[in-house]
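Q: Below are the structure tokens for one structure; questions will follow.
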2 protein chains.
Amino acid sequence: MGRPALLLLLLAFLAPGTSLVPRRVLRTLSSLHLPTSPASHSSVATNYSVFYFQQKVDHFGFSNMNTFKQRYLLSDKHWDKDGGSILFYTGNEGDIVWFCNNTGFMWDVAEELKAMLVFAEHRYYGESLPFGNNSFQDVKHLNFLTSEQALADFAELIKHLKRTIPGAEDQPVITIGGSYGGMLAAWFRMKYPHIVVGALAASAPIWQFEDFVPCDSFMKIVTTDFRKSGSNCSVSILRSWDAINRLSSTGSGLQWLAQALHLCSSLKYEDIPNLKEWIMETWVNLAMVNYPYESNFLQPLPAWPLKVVCQYLVNPSVPDSQLIQNIFQALNVYYNYSGQAKCLNISETATSNLGSQGWSYQACTEMVMPFCTNGIDDMFEPHQWNLKKYSDECFKQWGVRPRPSWIITMYGGKNIKSHSNIIFSNGDLDPWSGGGVTTDITDTLVAVTIKDGAHHLDLRANNALDPTSVLLARSLEVEHMRRWIKDFHDNVKRQPLSNF
Amino acid sequence: MGRPALLLLLLAFLAPGTSLVPRRVLRTLSSLHLPTSPASHSSVATNYSVFYFQQKVDHFGFSNMNTFKQRYLLSDKHWDKDGGSILFYTGNEGDIVWFCNNTGFMWDVAEELKAMLVFAEHRYYGESLPFGNNSFQDVKHLNFLTSEQALADFAELIKHLKRTIPGAEDQPVITIGGSYGGMLAAWFRMKYPHIVVGALAASAPIWQFEDFVPCDSFMKIVTTDFRKSGSNCSVSILRSWDAINRLSSTGSGLQWLAQALHLCSSLKYEDIPNLKEWIMETWVNLAMVNYPYESNFLQPLPAWPLKVVCQYLVNPSVPDSQLIQNIFQALNVYYNYSGQAKCLNISETATSNLGSQGWSYQACTEMVMPFCTNGIDDMFEPHQWNLKKYSDECFKQWGVRPRPSWIITMYGGKNIKSHSNIIFSNGDLDPWSGGGVTTDITDTLVAVTIKDGAHHLDLRANNALDPTSVLLARSLEVEHMRRWIKDFHDNVKRQPLSNF
């Protein structure tokens with residue numbers, strides 16, 4: 001969802017000498033005013049029960065016997081044991097209630113697939129904290145925050161559901177997730193194919209690692225989105241960085257800048273890198289949530305928010321002060337669509353829906369995604385990818401060193417053709433599509449591309465303004481899932497399960 | 001190989017109230033006089049180089065940054081990059097040199113498959129000790145002894161070889177292993193199919209867990225082996241237990257027993273459970289290494305040792321003292337074929353070729369294999385499988401509790417049909433075949449059964465006395481491997497590798 005991009009970029013765009021991780025995390029979250037009422041931003045009724053399952057803190061060792069409570073949400077309203085299914089959302093880096101309420105697709109297809117819906121929270125996020133308030137205290141407490149442990153949680157939870165819910169044992173399970181959750185959905189099918197019959201991995205950038213894709217692809221897509229959304233839009237943004245640099249070179253310029261951008265606090269010269277990153281992240285977020293209808297995922301936003309933003313950025317050849325005032329208008333679309341914001345705050349603390357610390361740690365360990373810009377093919381200041389610096393910052397922040405190739409060793413990188421039954425969906429507007437699977441690998445590892453689709457648009461609830469492309473994508477996805485479910489039940493009839 | 005049976009059985013056959021784990025481990029190893037000269041028991045030249053690779057102690061966490069040296073052996077004598085391959089032995093619970101020298105099959109087929117041979121030592125065995133002499137000190141040091149960590153070691157090692165040996169990157173890798181090593185070979189293909197094109201899992205009892213097979217199947221096969229090897233042989237053994245019980249009820253009987261069995265030390269009444277387990281393990285070992293030619297795997301032995309043993313056990317209807325003297329003659333075949341033993345020692349410490357402590361810990365954590373006997377369908381005293389007691393003993397010994405269902409959660413149990421390219425071979429004489437895959441699961445998950453074959457006979461070097469069945473089995477195995485290798489090279493030609 002929105003957050004991975006932010007934090008990953010933050011980590012990727014470390015300015016020389018800045019101690020980025022903690023500060024940036026805090027700052028990032030300032031930009032996310034997430035809804036607190038579960039149903040407020042969903043057009044579907046999300047009527048679920050909340051449960052907790054006792055998980056081992058460490059699935060991969062035996063010396064630590066601690067357990068913790070993993071939260072999960074369950075709805076069996078449309079579940080029909082006869083020919084039915086279990087759709088299992090592989091929770092990612094945030095509060096599972098928030099993901100549940102932003103995954104309307106599952107609610108929309110539950111009846112058709114006679115599906116029980118399960119939304120499993122990812123350890124170290126939401127309420128599923130292995131060591132409560134101490135979970136992020138130090139590297140010892142954080143040691144069990146890995147994708148492998150999360151997948152093992154999902155495996156144990158599914159086994160638990162099958163053991164304890166009458167009729168669940170003979171049901172096919174399908175994992176579904178978006179963004180990092182989409183990677184988890186796909187990886188779960190790869191690593192535990194005995195537990196799930198297939199996976200829908202929406203906007204899952206499983207190749208945004210090492211050098212599988214050029215490090216500049218992400219920001220090039222962001223730039224293209226802006227370029228297509230209004231005349232001169234990306235050029236205005238490109239020029240804005242120098243305007244900020246020039247204005248910030250004097251005390252009065254700094255003061256003016258803070259005023260023009262309606263910031264809640266004053267600016268010092270050393271805040272400028274942060275300011276620019278904050279603005280950059282805003283553009284990235286906008287590109288991700290450029291949905292065709294009024295929505296409220298990362299922020300309350302109008303339909304096609306990039307078009308609205310770009311209306312303010314049609315003229316790049318204006319004096320610096322005018323350009324910055326235009327930039328403010330554009331930012332204001334993102335931060336103040338509701339009209340409630342009194343000022344723009346670049347240093348607020350985190351909302352509880354997304355786990356800032358957790359993702360920062362994950363990006364410093366397994367989830368090492370290289371990003372870069374050059375200011376020519378994209379609308380940003382040039383930043384090279386520098387693993388050494390990245391690693392040093394991670395060590396300073398968390399006391400850990402990233403292992404950039406581990407994810408590839410574990411999950412296979414581009415060599416995944418021996419797996420089966422995974423749908424990789426990507427919107428062509430989504431910056432993350434650059435690291436995703438966008439062409440079929442085999443008959444059963446299929447790519448679904450959604451024209452005019454932003455970040456996992458297909459996982460969102462049906463909307464009257466949905467483009468045909470996403471309707472088609474969802475229908476393809478359901479078709480695959482129906483076949484997996486049917487195959488499972490046909491097999492069971494032929495040959496009763498001895499285990500699952 | 002020989003050891004898993006022993007230690008697993010030991011753990012399985014806990015007599016009430018006995019504190020078994022440490023004592024039994026020591027005792028068991030007393031029965032293994034393993035060759036110390038690498039080539040002494042192999043008919044093929046095993047000319048290899050020894051290397052060490054720096055592995056992370058913990059692949060699944062980031063707080064522990066320790067590394068250790070994993071030993072591996074490498075031979076590239078027959079390796080031909082053009083159309084060649086890498087055969088990778090997934091080391092199991094012992095010294096890798098010993099396994100290397102007992103896996104003549106790989107040496108025999110190296111030329112035909114133009115193969116580089118690699119034998120990787122399993123962590124916590126041989127020289128590959130994560131914490132040196134402290135590796136078994138306590139549960140904290142033992143925490144990294146799991147099959148998952150071992151598989152990750154293999155993955156990292158293969159990537160290292162591909163990175164550092166010119167020409168290795170474009171080579172298909174096949175994992176090969178026997179017994180626990182066979183399970184690792186199969187599991188590696190299941191979990192890392194992007195790294196290996198296939199696996200030969202010889203005598204790998206991947207279903208000897210939970211209730212996938214009846215807990216009495218193992219000992220029933222042992223019994224059948226004895227029954228078929230001589231008239232009244234199994235009946236004599238069945239009756240011997242009561243004879244021992246009767247004789248051990250008096251002090252003079254105990255004294256006589258120790259003398260009649262030529263034990264190195266005297267017997268007390270409380271030693272009797274140990275004595276009986278030691279004898280039982282001897283029969284189990286004999287069933288495993290009942291090879292058709294003179295061999296030296298667990299012990300120097302004649303061809304078809306069971307037949308030789310059973311020559312002494314033709315008459316079960318003799319007085320207790322005569323029966324015990326016959327039992328001694330039978331035991332003596334196993335312990336003194338060389339004629340060098342002055343007495344039979346039931347309390348010797350371990351040879352260095354096999355890792356006693358390591359396997360005891362593994363059996364107390366992941367490798368929980370239920371065994372039982374009833375004295376009716378088998379030739380042993382009745383023992384029920386008692387998980388509670390087993391767990392309590394493990395906790396007393398190692399401070400850990402076994403998780404009997406974890407292996408199934410992790411590796412899929414009987415539901416493995418979505419995987420591919422694994423050969424499961426089993427000898428019909430091998431007690432472990434009861435927990436193995438003995439019928440085809442799919443076209444590419446195939447079972448090879450070896451009539452008159454004991455424990456992974458197919459992995460041993462060619463021998464003039466090999467039965468036709470094992471020649472056929474090896475030829476089938478090579479045929480599959482040739483196809484995997486060819487498919488790999490054909491694919492590479494069509495579409496160069498982007499990663500492996």
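Going by the structure tokens order, chains are called A, B, ..., each with residues numbered from 1, while ligands are numbered from 1 in the order shown.
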Please find the residues of chain B near chain A - the criterion being any atom within 8 Å, counting only C-alpha atoms - and write them as a count of residues only.

A: 40

Q: Got a sec: who's within 8 Å of stretch 312-327 of chain A, counting only C-alpha atoms, leaving out chain neighbours fewer than 6 positions off, as a ChimeraX atom specification?

A: /A:230-233,235-237,239-240,243-244,247,257,260-261

Q: Could you pull out the strand (DSSP E or B) residues of stretch 85-307 of chain B, going by DSSP on the backbone, and write them as a PDB file with N, CA and C atoms, in the first residue's frame?

A:
```
ATOM      1  N   SER B  85      27.286 -30.715 -15.229  1.00  0.00           N
ATOM      2  CA  SER B  85      26.357 -30.595 -14.103  1.00  0.00           C
ATOM      3  C   SER B  85      27.128 -30.492 -12.788  1.00  0.00           C
ATOM      4  N   ILE B  86      26.400 -30.179 -11.753  1.00  0.00           N
ATOM      5  CA  ILE B  86      26.962 -30.190 -10.402  1.00  0.00           C
ATOM      6  C   ILE B  86      26.097 -31.112  -9.548  1.00  0.00           C
ATOM      7  N   LEU B  87      26.714 -32.168  -9.032  1.00  0.00           N
ATOM      8  CA  LEU B  87      25.997 -33.059  -8.112  1.00  0.00           C
ATOM      9  C   LEU B  87      26.368 -32.643  -6.694  1.00  0.00           C
ATOM     10  N   PHE B  88      25.366 -32.302  -5.927  1.00  0.00           N
ATOM     11  CA  PHE B  88      25.589 -31.677  -4.624  1.00  0.00           C
ATOM     12  C   PHE B  88      25.029 -32.576  -3.531  1.00  0.00           C
ATOM     13  N   TYR B  89      25.919 -33.160  -2.747  1.00  0.00           N
ATOM     14  CA  TYR B  89      25.480 -34.015  -1.645  1.00  0.00           C
ATOM     15  C   TYR B  89      25.075 -33.148  -0.453  1.00  0.00           C
ATOM     16  N   THR B  90      23.826 -33.266  -0.059  1.00  0.00           N
ATOM     17  CA  THR B  90      23.309 -32.500   1.078  1.00  0.00           C
ATOM     18  C   THR B  90      23.622 -33.265   2.355  1.00  0.00           C
ATOM     19  N   GLY B  94      26.627 -36.170  10.205  1.00  0.00           N
ATOM     20  CA  GLY B  94      27.921 -36.781  10.467  1.00  0.00           C
ATOM     21  C   GLY B  94      29.031 -36.087   9.701  1.00  0.00           C
ATOM     22  N   ALA B 115      30.092 -34.339 -14.338  1.00  0.00           N
ATOM     23  CA  ALA B 115      29.672 -33.643 -13.123  1.00  0.00           C
ATOM     24  C   ALA B 115      30.821 -33.205 -12.221  1.00  0.00           C
ATOM     25  N   MET B 116      30.699 -31.989 -11.724  1.00  0.00           N
ATOM     26  CA  MET B 116      31.458 -31.590 -10.549  1.00  0.00           C
ATOM     27  C   MET B 116      30.743 -32.199  -9.336  1.00  0.00           C
ATOM     28  N   LEU B 117      31.538 -32.751  -8.414  1.00  0.00           N
ATOM     29  CA  LEU B 117      30.944 -33.314  -7.206  1.00  0.00           C
ATOM     30  C   LEU B 117      31.209 -32.387  -6.033  1.00  0.00           C
ATOM     31  N   VAL B 118      30.177 -32.115  -5.265  1.00  0.00           N
ATOM     32  CA  VAL B 118      30.334 -31.313  -4.054  1.00  0.00           C
ATOM     33  C   VAL B 118      29.671 -32.064  -2.902  1.00  0.00           C
ATOM     34  N   PHE B 119      30.370 -32.156  -1.805  1.00  0.00           N
ATOM     35  CA  PHE B 119      29.820 -32.769  -0.596  1.00  0.00           C
ATOM     36  C   PHE B 119      29.846 -31.709   0.498  1.00  0.00           C
ATOM     37  N   ALA B 120      28.668 -31.280   0.909  1.00  0.00           N
ATOM     38  CA  ALA B 120      28.590 -30.180   1.879  1.00  0.00           C
ATOM     39  C   ALA B 120      28.284 -30.742   3.267  1.00  0.00           C
ATOM     40  N   TYR B 125      27.940 -30.726  12.624  1.00  0.00           N
ATOM     41  CA  TYR B 125      28.518 -32.059  12.480  1.00  0.00           C
ATOM     42  C   TYR B 125      29.923 -31.927  11.899  1.00  0.00           C
ATOM     43  N   SER B 128      32.127 -28.694  10.990  1.00  0.00           N
ATOM     44  CA  SER B 128      31.320 -27.487  10.728  1.00  0.00           C
ATOM     45  C   SER B 128      30.524 -27.079  11.963  1.00  0.00           C
ATOM     46  N   VAL B 173      22.282 -27.838 -11.057  1.00  0.00           N
ATOM     47  CA  VAL B 173      22.667 -28.491  -9.809  1.00  0.00           C
ATOM     48  C   VAL B 173      21.601 -29.526  -9.448  1.00  0.00           C
ATOM     49  N   ILE B 174      22.067 -30.675  -9.003  1.00  0.00           N
ATOM     50  CA  ILE B 174      21.157 -31.719  -8.521  1.00  0.00           C
ATOM     51  C   ILE B 174      21.567 -32.064  -7.096  1.00  0.00           C
ATOM     52  N   THR B 175      20.613 -32.058  -6.187  1.00  0.00           N
ATOM     53  CA  THR B 175      20.925 -32.475  -4.817  1.00  0.00           C
ATOM     54  C   THR B 175      20.750 -33.990  -4.692  1.00  0.00           C
ATOM     55  N   ILE B 176      21.666 -34.574  -3.930  1.00  0.00           N
ATOM     56  CA  ILE B 176      21.652 -36.019  -3.686  1.00  0.00           C
ATOM     57  C   ILE B 176      21.902 -36.237  -2.203  1.00  0.00           C
ATOM     58  N   GLY B 177      21.142 -37.142  -1.623  1.00  0.00           N
ATOM     59  CA  GLY B 177      21.393 -37.460  -0.221  1.00  0.00           C
ATOM     60  C   GLY B 177      20.717 -38.755   0.160  1.00  0.00           C
ATOM     61  N   GLY B 178      21.156 -39.297   1.282  1.00  0.00           N
ATOM     62  CA  GLY B 178      20.573 -40.533   1.769  1.00  0.00           C
ATOM     63  C   GLY B 178      20.095 -40.367   3.193  1.00  0.00           C
ATOM     64  N   GLY B 198      16.735 -30.664  -9.655  1.00  0.00           N
ATOM     65  CA  GLY B 198      16.113 -31.904  -9.218  1.00  0.00           C
ATOM     66  C   GLY B 198      16.848 -32.485  -8.030  1.00  0.00           C
ATOM     67  N   ALA B 199      16.283 -33.572  -7.506  1.00  0.00           N
ATOM     68  CA  ALA B 199      16.874 -34.192  -6.310  1.00  0.00           C
ATOM     69  C   ALA B 199      16.728 -35.701  -6.355  1.00  0.00           C
ATOM     70  N   LEU B 200      17.775 -36.360  -5.866  1.00  0.00           N
ATOM     71  CA  LEU B 200      17.700 -37.799  -5.632  1.00  0.00           C
ATOM     72  C   LEU B 200      17.677 -38.012  -4.125  1.00  0.00           C
ATOM     73  N   ALA B 201      16.528 -38.440  -3.626  1.00  0.00           N
ATOM     74  CA  ALA B 201      16.352 -38.631  -2.187  1.00  0.00           C
ATOM     75  C   ALA B 201      16.328 -40.132  -1.910  1.00  0.00           C
ATOM     76  N   ALA B 202      17.456 -40.649  -1.485  1.00  0.00           N
ATOM     77  CA  ALA B 202      17.574 -42.093  -1.270  1.00  0.00           C
ATOM     78  C   ALA B 202      17.206 -42.440   0.169  1.00  0.00           C
ATOM     79  N   LEU B 263      30.288 -59.351  27.560  1.00  0.00           N
ATOM     80  CA  LEU B 263      30.302 -57.901  27.752  1.00  0.00           C
ATOM     81  C   LEU B 263      31.608 -57.464  28.414  1.00  0.00           C
ATOM     82  N   SER B 295      30.834 -55.580   3.416  1.00  0.00           N
ATOM     83  CA  SER B 295      30.843 -54.122   3.420  1.00  0.00           C
ATOM     84  C   SER B 295      31.314 -53.600   4.773  1.00  0.00           C
ATOM     85  N   ASN B 296      31.503 -52.310   4.810  1.00  0.00           N
ATOM     86  CA  ASN B 296      31.942 -51.693   6.051  1.00  0.00           C
ATOM     87  C   ASN B 296      31.319 -50.321   6.155  1.00  0.00           C
ATOM     88  N   PRO B 300      32.344 -53.545   9.897  1.00  0.00           N
ATOM     89  CA  PRO B 300      32.768 -54.533   8.898  1.00  0.00           C
ATOM     90  C   PRO B 300      31.825 -55.732   8.990  1.00  0.00           C
ATOM     91  N   LEU B 301      31.279 -56.135   7.862  1.00  0.00           N
ATOM     92  CA  LEU B 301      30.274 -57.202   7.891  1.00  0.00           C
ATOM     93  C   LEU B 301      30.414 -58.092   6.671  1.00  0.00           C
TER      94      LEU B 301
END
```

Q: So, counting only C-alpha atoms, which residue among A:Met183, A:Leu298, A:Leu129, A:Ala110 is closest to A:Val478?

A: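 The answer is A:Ala110, which sits nearest to A:Val478.
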
Q: I'd like the contact shell of stretch 288-291 of chain B - 6 Å cut-off, only C-alpha atoms, skipping same-chain residues fewer than 3 positions apart - returned as a list in words.

A: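 Once the adjacent positions are removed, what remains is Asn285, Trp304, Pro305, Asp430, Ala454 and His455 of chain B.
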
Q: Generate the output file for the selected residues, C-alpha atoms, as a PDB file, in the first residue's frame.

A:
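Saved as again.pdb:
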```pdb
ATOM      1  CA  ASN B 285      21.340 -51.748  12.293  1.00  0.00           C
ATOM      2  CA  TRP B 304      24.028 -60.646   3.532  1.00  0.00           C
ATOM      3  CA  PRO B 305      24.855 -60.343   7.235  1.00  0.00           C
ATOM      4  CA  ASP B 430      15.173 -51.035   4.534  1.00  0.00           C
ATOM      5  CA  ALA B 454      18.830 -52.278   2.252  1.00  0.00           C
ATOM      6  CA  HIS B 455      19.395 -48.643   3.404  1.00  0.00           C
TER       7      HIS B 455
END
```

Q: Within 7 Å of stretch 276-280 of chain A, counting only C-alpha atoms, which residues qualify if same-chain residues fewer than 3 places away don't, as a ChimeraX atom specification?

A: /A:28,272-273,283-284,346

Q: Convert the current residue selection to file output with C-alpha atoms, as a JSON list (two decimals), in the first residue's frame.

A:
```
[["chain", "number", "residue", "atom", "x", "y", "z"],
["A", 28, "THR", "CA", 6.90, 10.43, 6.55],
["A", 272, "ILE", "CA", 15.92, 21.63, 3.34],
["A", 273, "PRO", "CA", 16.91, 18.04, 2.45],
["A", 283, "TRP", "CA", 4.52, 13.13, -5.51],
["A", 284, "VAL", "CA", 5.28, 9.44, -5.14],
["A", 346, "ILE", "CA", 6.38, 17.83, 7.88]]
```

Q: So which bits of stretch 54-301 of chain A end up alpha helix (DSSP H) when you DSSP the backbone, as an NGL selection string?

A: :A and (96-101 or 104-109 or 139-142 or 147-164 or 180-191 or 217-229 or 233-247 or 251-260 or 272-288)

Q: Enter the distance from atom CA of B:Glu112 to atom CA of B:Trp187, in Å, rounded to one decimal.

A: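 Atom-to-atom, atom CA of B:Glu112 and atom CA of B:Trp187 are spaced 25.7 Å apart.
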
Q: Rounded to one decimal in Å, what is the spacing between atom CA of B:Gly104 and atom CA of B:Arg460?

A: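 Spanning atom CA of B:Gly104 to atom CA of B:Arg460 is a straight-line distance of 4.8 Å.
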
Q: Mind checking which residues fall within 10 Å of stretch 215-225 of chain B, counting only C-alpha atoms, ignoring those fewer than 6 positions away in the same chain, and posting them as number ranges by chain?

A: B: 5, 9, 12, 208-209, 233-235, 237-238, 280, 283-288, 290, 306-307, 369-380, 383-385, 428-435, 452, 454

Q: Near B:Val308, counting only C-alpha atoms, which residues have an atom at most 9 Å away, once you skip same-chain residues fewer than 6 positions from it, shown as a list in words?

A: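 Counting only the stated atoms, we get Ser229, Gly230, Pro302, Ala330 and Val333 of chain B.
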
Q: Emit the selected residues as a PDB file, in the first residue's frame, including N, CA and C atoms.

A:
```pdb
ATOM      1  N   SER B 229      15.282 -64.158   6.655  1.00  0.00           N
ATOM      2  CA  SER B 229      16.715 -64.471   6.544  1.00  0.00           C
ATOM      3  C   SER B 229      17.101 -65.788   7.188  1.00  0.00           C
ATOM      4  N   GLY B 230      16.154 -66.471   7.768  1.00  0.00           N
ATOM      5  CA  GLY B 230      16.501 -67.768   8.361  1.00  0.00           C
ATOM      6  C   GLY B 230      15.321 -68.317   9.122  1.00  0.00           C
ATOM      7  N   PRO B 302      29.950 -59.339   6.819  1.00  0.00           N
ATOM      8  CA  PRO B 302      29.959 -60.230   5.660  1.00  0.00           C
ATOM      9  C   PRO B 302      28.817 -59.874   4.700  1.00  0.00           C
ATOM     10  N   ALA B 330      25.101 -64.341  17.374  1.00  0.00           N
ATOM     11  CA  ALA B 330      24.509 -63.455  16.361  1.00  0.00           C
ATOM     12  C   ALA B 330      25.060 -62.037  16.499  1.00  0.00           C
ATOM     13  N   VAL B 333      28.514 -61.473  15.160  1.00  0.00           N
ATOM     14  CA  VAL B 333      28.677 -61.259  13.714  1.00  0.00           C
ATOM     15  C   VAL B 333      28.793 -59.758  13.441  1.00  0.00           C
TER      16      VAL B 333
END
```

Q: I need the residue nearest A:Thr444 from this list: A:Met367, A:Leu74, A:Leu157, A:Ile423. Use only C-alpha atoms for the distance.

A: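 The shortest atom-to-atom distance to A:Thr444 comes from A:Ile423.
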
Q: What's around B:Leu344 at 9 Å? Count only C-alpha atoms, leave out sequence neighbours fewer than 3 positions away in its own chain, and write the answer as a PDB file with C-alpha atoms, in the first residue's frame.

A:
```
ATOM      1  CA  SER B  31      28.125 -49.927  18.878  1.00  0.00           C
ATOM      2  CA  LEU B 261      27.296 -62.044  26.028  1.00  0.00           C
ATOM      3  CA  HIS B 262      31.022 -61.364  26.468  1.00  0.00           C
ATOM      4  CA  LEU B 263      30.302 -57.901  27.752  1.00  0.00           C
ATOM      5  CA  CYS B 264      33.248 -55.744  28.695  1.00  0.00           C
ATOM      6  CA  SER B 265      31.634 -54.780  31.996  1.00  0.00           C
ATOM      7  CA  LEU B 331      25.625 -60.193  17.969  1.00  0.00           C
ATOM      8  CA  ASN B 332      29.188 -61.234  17.480  1.00  0.00           C
ATOM      9  CA  TYR B 335      30.487 -56.513  16.507  1.00  0.00           C
ATOM     10  CA  ASN B 336      33.333 -58.864  15.729  1.00  0.00           C
ATOM     11  CA  ALA B 341      37.008 -57.446  19.535  1.00  0.00           C
TER      12      ALA B 341
END
```

Q: Rounded to one decimal, what separation in Å do you get between atom CA of B:His78 and atom CA of B:Phe99?

A: 19.7 Å
